[in-house]
file structure_18.tsv (TSV, C-alpha atoms)
chain	number	residue	atom	x	y	z
A	1	MET	CA	-2.28	22.60	-23.92
A	2	THR	CA	-4.92	19.97	-23.16
A	3	ASP	CA	-7.66	21.04	-20.76
A	4	PRO	CA	-7.10	19.19	-17.45
A	5	VAL	CA	-10.77	18.29	-17.07
A	6	THR	CA	-10.81	16.76	-20.55
A	7	SER	CA	-7.64	14.82	-19.72
A	8	TRP	CA	-9.16	13.68	-16.45
A	9	HIS	CA	-12.27	12.25	-18.08
A	10	ARG	CA	-10.18	10.56	-20.75
A	11	LEU	CA	-7.91	8.84	-18.20
A	12	ALA	CA	-10.23	8.25	-15.24
A	13	GLY	CA	-11.38	4.77	-16.22
A	14	ARG	CA	-7.91	3.26	-16.23
A	15	ALA	CA	-5.78	5.50	-13.99
A	16	VAL	CA	-5.11	5.46	-10.25
A	17	LEU	CA	-6.89	8.18	-8.26
A	18	LEU	CA	-4.55	10.07	-5.94
A	19	ASP	CA	-6.89	11.57	-3.41
A	20	GLY	CA	-5.34	14.43	-1.46
A	21	PHE	CA	-2.03	16.26	-1.21
A	22	HIS	CA	-0.19	13.49	0.66
A	23	ALA	CA	-1.14	10.82	-1.85
A	24	LEU	CA	0.12	13.02	-4.70
A	25	LYS	CA	3.27	13.93	-2.77
A	26	HIS	CA	4.20	10.29	-2.15
A	27	ALA	CA	3.35	9.17	-5.66
A	28	VAL	CA	5.56	11.86	-7.18
A	29	ARG	CA	8.33	11.20	-4.67
A	30	PHE	CA	8.44	7.53	-5.60
A	31	GLY	CA	8.41	8.00	-9.33
A	32	ALA	CA	4.78	7.71	-10.39
A	33	GLU	CA	3.77	9.00	-13.79
A	34	VAL	CA	1.11	11.66	-13.09
A	35	PRO	CA	-0.51	13.03	-16.26
A	36	VAL	CA	-2.99	15.37	-14.55
A	37	ALA	CA	-3.36	17.00	-11.12
A	38	VAL	CA	-5.91	19.57	-9.94
A	39	THR	CA	-6.59	21.71	-6.89
A	40	THR	CA	-9.03	24.39	-5.86
A	41	GLY	CA	-6.16	26.50	-4.52
A	42	ARG	CA	-2.65	26.41	-5.95
A	43	PRO	CA	-1.16	28.81	-3.35
A	44	ALA	CA	-2.39	26.63	-0.46
A	45	ALA	CA	-1.20	23.41	-2.12
A	46	LEU	CA	2.23	24.85	-2.86
A	47	ALA	CA	2.47	26.20	0.67
A	48	LEU	CA	1.92	22.64	1.89
A	49	ALA	CA	4.67	21.50	-0.46
A	50	ASP	CA	7.03	24.15	0.88
A	51	GLU	CA	6.33	22.96	4.41
A	52	LEU	CA	6.06	19.19	4.00
A	53	ALA	CA	7.60	18.19	0.69
A	54	PRO	CA	10.15	20.70	-0.59
A	55	ASP	CA	11.85	17.89	-2.53
A	56	VAL	CA	8.87	17.67	-4.92
A	57	ARG	CA	7.68	21.27	-4.74
A	58	ASP	CA	8.86	22.21	-8.21
A	59	THR	CA	7.29	19.10	-9.73
A	60	LEU	CA	3.97	19.86	-8.06
A	61	ASP	CA	4.17	23.47	-9.20
A	62	ALA	CA	4.42	22.25	-12.79
A	63	LEU	CA	1.68	19.63	-12.38
A	64	LEU	CA	-1.10	21.38	-10.50
A	65	THR	CA	-3.88	23.17	-12.34
A	66	GLU	CA	-6.38	25.26	-10.38
A	67	VAL	CA	-10.05	24.47	-10.97
A	68	SER	CA	-13.27	25.64	-9.39
A	69	GLU	CA	-14.65	23.92	-6.31
A	70	ALA	CA	-17.60	22.65	-8.36
A	71	THR	CA	-15.31	21.16	-11.00
A	72	TYR	CA	-13.09	19.55	-8.35
A	73	ALA	CA	-16.11	18.05	-6.59
A	74	SER	CA	-17.34	16.60	-9.89
A	75	LEU	CA	-14.06	14.75	-10.44
A	76	VAL	CA	-13.64	12.97	-7.10
A	77	PRO	CA	-16.14	10.84	-5.15
A	78	ARG	CA	-15.09	12.23	-1.75
A	79	PRO	CA	-13.44	15.67	-1.79
A	80	HIS	CA	-10.28	15.65	0.32
A	81	PRO	CA	-9.65	18.35	2.95
A	82	THR	CA	-6.52	19.43	1.07
A	83	ALA	CA	-8.59	19.94	-2.13
A	84	VAL	CA	-5.96	18.20	-4.25
A	85	ALA	CA	-6.47	15.25	-6.58
A	86	ALA	CA	-4.53	13.63	-9.40
A	87	LEU	CA	-4.50	10.64	-11.70
A	88	ALA	CA	-1.46	8.38	-11.98
A	89	VAL	CA	-0.52	5.57	-14.32
A	90	ARG	CA	-0.72	2.18	-12.61
A	91	PRO	CA	2.63	0.39	-12.60
A	92	SER	CA	3.16	-2.57	-14.91
A	93	ARG	CA	1.93	-5.89	-13.49
A	94	ALA	CA	4.72	-7.69	-15.33
A	95	ALA	CA	7.35	-5.47	-13.71
A	96	HIS	CA	5.78	-6.01	-10.30
A	97	LEU	CA	5.73	-9.78	-10.71
A	98	GLU	CA	9.38	-9.71	-11.72
A	99	LYS	CA	10.25	-7.84	-8.51
A	100	LEU	CA	8.19	-10.21	-6.38
A	101	THR	CA	9.76	-13.35	-7.79
A	102	HIS	CA	13.35	-12.11	-7.94
A	103	LEU	CA	15.68	-13.86	-5.50
A	104	PRO	CA	17.43	-13.17	-3.25
A	105	ARG	CA	15.12	-10.60	-1.66
A	106	THR	CA	16.30	-8.08	0.88
A	107	ALA	CA	12.91	-7.72	2.61
A	108	PRO	CA	9.79	-9.86	3.09
A	109	VAL	CA	6.59	-9.81	1.08
A	110	VAL	CA	3.40	-9.19	3.07
A	111	VAL	CA	0.50	-11.43	2.04
A	112	LEU	CA	-3.05	-10.45	2.99
A	113	ASP	CA	-5.18	-13.57	2.62
A	114	ASN	CA	-8.65	-12.60	1.41
A	115	PRO	CA	-8.80	-9.22	3.18
A	116	ARG	CA	-12.19	-7.53	3.47
A	117	ASN	CA	-11.63	-4.00	4.72
A	118	LEU	CA	-10.37	-1.46	2.18
A	119	GLY	CA	-9.04	0.91	4.82
A	120	ASN	CA	-7.09	-1.85	6.57
A	121	ALA	CA	-5.50	-2.86	3.28
A	122	GLY	CA	-4.41	0.73	2.69
A	123	ALA	CA	-2.93	0.98	6.18
A	124	VAL	CA	-0.95	-2.23	5.59
A	125	ILE	CA	0.47	-0.89	2.31
A	126	ARG	CA	1.52	2.27	4.11
A	127	LEU	CA	3.27	0.17	6.76
A	128	ALA	CA	4.97	-2.03	4.18
A	129	ALA	CA	6.31	1.02	2.37
A	130	GLY	CA	7.59	2.48	5.62
A	131	PHE	CA	9.44	-0.70	6.58
A	132	GLY	CA	10.84	-1.18	3.08
A	133	ALA	CA	9.02	-4.48	2.46
A	134	THR	CA	9.38	-5.92	-1.03
A	135	GLY	CA	5.64	-5.68	-1.56
A	136	VAL	CA	2.09	-6.44	-0.52
A	137	VAL	CA	0.14	-9.24	-2.18
A	138	THR	CA	-3.58	-9.75	-1.63
A	139	THR	CA	-5.59	-12.87	-2.40
A	140	GLY	CA	-9.35	-12.95	-2.90
A	141	THR	CA	-11.65	-10.38	-4.43
A	142	LEU	CA	-10.50	-7.11	-2.85
A	143	ASP	CA	-8.78	-4.84	-5.37
A	144	PRO	CA	-5.62	-3.49	-3.65
A	145	TRP	CA	-5.65	-0.54	-6.09
A	146	HIS	CA	-9.21	0.50	-5.22
A	147	PRO	CA	-9.39	4.29	-4.63
A	148	THR	CA	-10.24	3.77	-0.94
A	149	VAL	CA	-7.17	1.55	-0.50
A	150	VAL	CA	-4.95	4.10	-2.25
A	151	ARG	CA	-6.39	6.84	-0.04
A	152	GLY	CA	-5.69	4.73	3.07
A	153	GLY	CA	-2.17	4.08	1.83
A	154	ALA	CA	-1.51	7.80	1.26
A	155	GLY	CA	-0.22	7.13	-2.24
A	156	LEU	CA	2.52	4.80	-0.99
A	157	HIS	CA	1.44	2.09	-3.42
A	158	PHE	CA	4.16	3.62	-5.61
A	159	ALA	CA	6.81	3.00	-2.93
A	160	THR	CA	6.41	-0.78	-2.92
A	161	VAL	CA	4.96	-3.58	-5.06
A	162	VAL	CA	1.19	-4.06	-4.76
A	163	GLU	CA	-0.55	-6.90	-6.60
A	164	ARG	CA	-3.43	-9.35	-6.29
A	165	LEU	CA	-2.57	-13.05	-6.79
A	166	ASP	CA	-4.07	-16.46	-6.14
A	167	VAL	CA	-2.45	-18.51	-3.37
A	168	ALA	CA	-1.04	-20.84	-6.02
A	169	GLU	CA	0.65	-17.83	-7.67
A	170	LEU	CA	2.47	-16.57	-4.57
A	171	PRO	CA	6.15	-15.76	-5.14
A	172	PRO	CA	8.84	-18.15	-3.89
A	173	GLY	CA	9.98	-18.09	-0.30
A	174	PRO	CA	9.09	-19.65	3.05
A	175	VAL	CA	5.60	-18.73	4.23
A	176	PHE	CA	5.33	-17.59	7.85
A	177	ALA	CA	1.59	-17.44	8.52
A	178	LEU	CA	0.23	-15.64	11.56
A	179	ASP	CA	-2.01	-17.89	13.63
A	180	PRO	CA	-2.86	-18.04	17.36
A	181	GLU	CA	-1.74	-21.70	17.44
A	182	GLY	CA	1.68	-20.91	16.02
A	183	GLU	CA	5.10	-20.58	17.60
A	184	ASP	CA	5.73	-17.39	19.60
A	185	ILE	CA	7.28	-14.86	17.22
A	186	ARG	CA	9.65	-13.68	19.94
A	187	GLY	CA	11.65	-16.90	19.57
A	188	LEU	CA	11.98	-16.64	15.79
A	189	LYS	CA	14.08	-14.75	13.28
A	190	LEU	CA	12.14	-13.97	10.12
A	191	PRO	CA	14.28	-14.23	6.98
A	192	ASP	CA	14.40	-11.51	4.37
A	193	GLU	CA	12.94	-13.89	1.77
A	194	ALA	CA	9.89	-14.72	3.91
A	195	LEU	CA	6.29	-14.33	2.86
A	196	LEU	CA	4.48	-12.97	5.93
A	197	ALA	CA	0.87	-14.10	5.61
A	198	PHE	CA	-2.08	-12.65	7.52
A	199	GLY	CA	-5.63	-14.00	7.50
A	200	SER	CA	-8.77	-11.98	6.91
A	201	GLU	CA	-10.20	-9.80	9.64
A	202	ARG	CA	-13.18	-12.10	10.15
A	203	SER	CA	-12.17	-15.67	9.38
A	204	GLY	CA	-8.39	-15.85	9.66
A	205	LEU	CA	-6.28	-17.90	7.27
A	206	SER	CA	-7.94	-19.75	4.43
A	207	ALA	CA	-7.45	-23.50	4.23
A	208	GLU	CA	-5.47	-23.01	1.01
A	209	LEU	CA	-3.05	-20.53	2.55
A	210	ARG	CA	-2.67	-22.59	5.72
A	211	ALA	CA	-1.74	-25.61	3.62
A	212	ARG	CA	0.90	-23.50	1.83
A	213	ALA	CA	2.43	-22.27	5.11
A	214	ASP	CA	5.85	-23.49	6.18
A	215	HIS	CA	5.59	-22.01	9.67
A	216	LEU	CA	2.72	-20.86	11.88
A	217	VAL	CA	3.63	-17.83	13.98
A	218	ALA	CA	1.79	-16.29	16.93
A	219	LEU	CA	1.99	-12.74	18.24
A	220	PRO	CA	2.11	-12.25	22.03
A	221	MET	CA	-1.37	-11.56	23.30
A	222	ARG	CA	-2.98	-11.33	26.71
A	223	PRO	CA	-5.39	-14.21	27.47
A	224	GLN	CA	-9.04	-13.49	26.66
A	225	VAL	CA	-8.11	-10.82	24.09
A	226	SER	CA	-9.43	-12.24	20.85
A	227	SER	CA	-7.32	-10.53	18.18
A	228	TYR	CA	-5.41	-7.51	16.96
A	229	ASN	CA	-6.39	-5.21	14.14
A	230	LEU	CA	-4.88	-6.40	10.84
A	231	ALA	CA	-2.62	-3.38	10.41
A	232	THR	CA	-1.44	-3.72	14.02
A	233	SER	CA	-0.52	-7.37	13.42
A	234	VAL	CA	1.44	-6.46	10.31
A	235	ALA	CA	3.21	-3.63	12.12
A	236	MET	CA	4.25	-5.90	14.99
A	237	THR	CA	5.52	-8.57	12.62
A	238	LEU	CA	7.48	-6.20	10.38
A	239	TYR	CA	8.95	-4.53	13.44
A	240	HIS	CA	10.07	-7.92	14.75
A	241	TRP	CA	11.67	-8.69	11.38
A	242	SER	CA	13.48	-5.33	11.33
A	243	ALA	CA	14.59	-5.59	14.96
A	244	THR	CA	16.06	-9.09	14.65
A	245	GLY	CA	18.32	-8.51	11.70
A	246	GLY	CA	16.08	-7.26	8.89
A	247	ALA	CA	17.39	-4.77	6.40
A	248	SER	CA	17.09	-1.09	7.26
A	249	PRO	CA	14.54	0.86	5.15
A	250	THR	CA	16.30	2.50	2.26
A	251	ALA	CA	16.47	6.28	2.06
call {"tool": "encode", "arguments": {"input": "structure_18.tsv", "output": "structure tokens"}}
result
Amino acid sequence: MTDPVTSWHRLAGRAVLLDGFHALKHAVRFGAEVPVAVTTGRPAALALADELAPDVRDTLDALLTEVSEATYASLVPRPHPTAVAALAVRPSRAAHLEKLTHLPRTAPVVVLDNPRNLGNAGAVIRLAAGFGATGVVTTGTLDPWHPTVVRGGAGLHFATVVERLDVAELPPGPVFALDPEGEDIRGLKLPDEALLAFGSERSGLSAELRARADHLVALPMRPQVSSYNLATSVAMTLYHWSATGGASPTA
């Protein structure tokens, strides 16, 4: 049997870091390939599985190898309170692009236009997975598979499609871009095949994305309040889609 630390160092440069019990739980639940997983305390990790994820308890029992606290700390940049970490194989980009471009879609694609904050991006991916969105696409330089984004998304990258694309490469479908000058969202029905586009936290929509938009949409907001947090805006928009005829999240 291969030593888990040796396997970790061999895979670390190209694998996805699953930081914490919940990230590992979700990744396993949604079919990720996890070659190595470690913890400083197997009994505590499996007790969490018994309580919170009995559906994957046996899989985690087979995966988890106990290591010393010093070894664990040497493998991860920020030790997680649950003292669990794993490496997963990143899904195929080609398979993700096929899912994004396939029509008809049963749920929108969320587009984050040049996002800046890694934690916000992770929170959006977590929301998209919860609502059953087809995927999350980012434009710009932020890597949506950065370890901080995966940590913020609690491993739910494996429950939806997550890719980085240029605006010109966006999948087909009408673009509904969130903008304060747009039409009030409360009077609209967002189609399942929509691309729901959100500007960056600092500068809003890029000129390129705005030019690609078919509709500008505004969220209700009290006068003199400047903006919502990015994840809040995405949550409000996905909720509106789901409440006005969108597909129910699949089990």
call {"tool": "residues_around", "arguments": {"input": "structure_18.tsv", "residues": "Arg78 in chain A", "least_positions_apart": "3", "cutoff": "12 Å", "atoms": "all atoms listed in the file", "output": "ChimeraX atom specification"}}
result
/A:17-20,72-75,81-85,147-148,151
call {"tool": "residues_near_point", "arguments": {"input": "structure_18.tsv", "point": "(-8.9, -13.8, 11.7)", "cutoff": "10 Å", "atoms": "only C-alpha atoms", "output": "list in words"}}
result
Asp113, Pro115, Leu178, Asp179, Pro180, Phe198, Gly199, Ser200, Glu201, Arg202, Ser203, Gly204, Leu205, Ser206, Ser226, Ser227, Tyr228, Asn229 and Leu230 of chain A
call {"tool": "atom_distance", "arguments": {"input": "structure_18.tsv", "atom1": "CA of Val34 in chain A", "atom2": "CA of Leu165 in chain A"}}
result
25.8 Å
call {"tool": "atom_distance", "arguments": {"input": "structure_18.tsv", "atom1": "CA of Arg164 in chain A", "atom2": "CA of Pro144 in chain A"}}
result
6.8 Å
call {"tool": "closest_residue", "arguments": {"input": "structure_18.tsv", "among": "A:Ala121, A:Leu238, A:Ala88, A:Ile185", "to": "Ala23 in chain A", "atoms": "only C-alpha atoms"}}
result
A:Ala88
call {"tool": "residues_near_point", "arguments": {"input": "structure_18.tsv", "point": "(-5.9, 15.9, -16.7)", "cutoff": "9 Å", "atoms": "only C-alpha atoms", "output": "list in words"}}
result
Thr2, Asp3, Pro4, Val5, Thr6, Ser7, Trp8, His9, Arg10, Leu11, Ala12, Val34, Pro35, Val36, Ala37, Val38, Thr65, Ala86 and Leu87 of chain A
call {"tool": "closest_residue", "arguments": {"input": "structure_18.tsv", "among": "A:Thr244, A:Thr40, A:Thr134, A:Gln224", "to": "Lys99 in chain A", "atoms": "all atoms listed in the file"}}
result
A:Thr134
call {"tool": "atom_distance", "arguments": {"input": "structure_18.tsv", "atom1": "CA of Gly130 in chain A", "atom2": "CA of Ala235 in chain A"}}
result
9.9 Å
call {"tool": "residues_around", "arguments": {"input": "structure_18.tsv", "residues": "Gly122 in chain A", "least_positions_apart": "6", "cutoff": "10 Å", "atoms": "all atoms listed in the file", "output": "ChimeraX atom specification"}}
result
/A:128,144-157,231
call {"tool": "closest_residue", "arguments": {"input": "structure_18.tsv", "among": "A:Ala94, A:Leu100, A:Lys25, A:Thr237", "to": "Leu64 in chain A", "atoms": "all atoms listed in the file"}}
result
A:Lys25
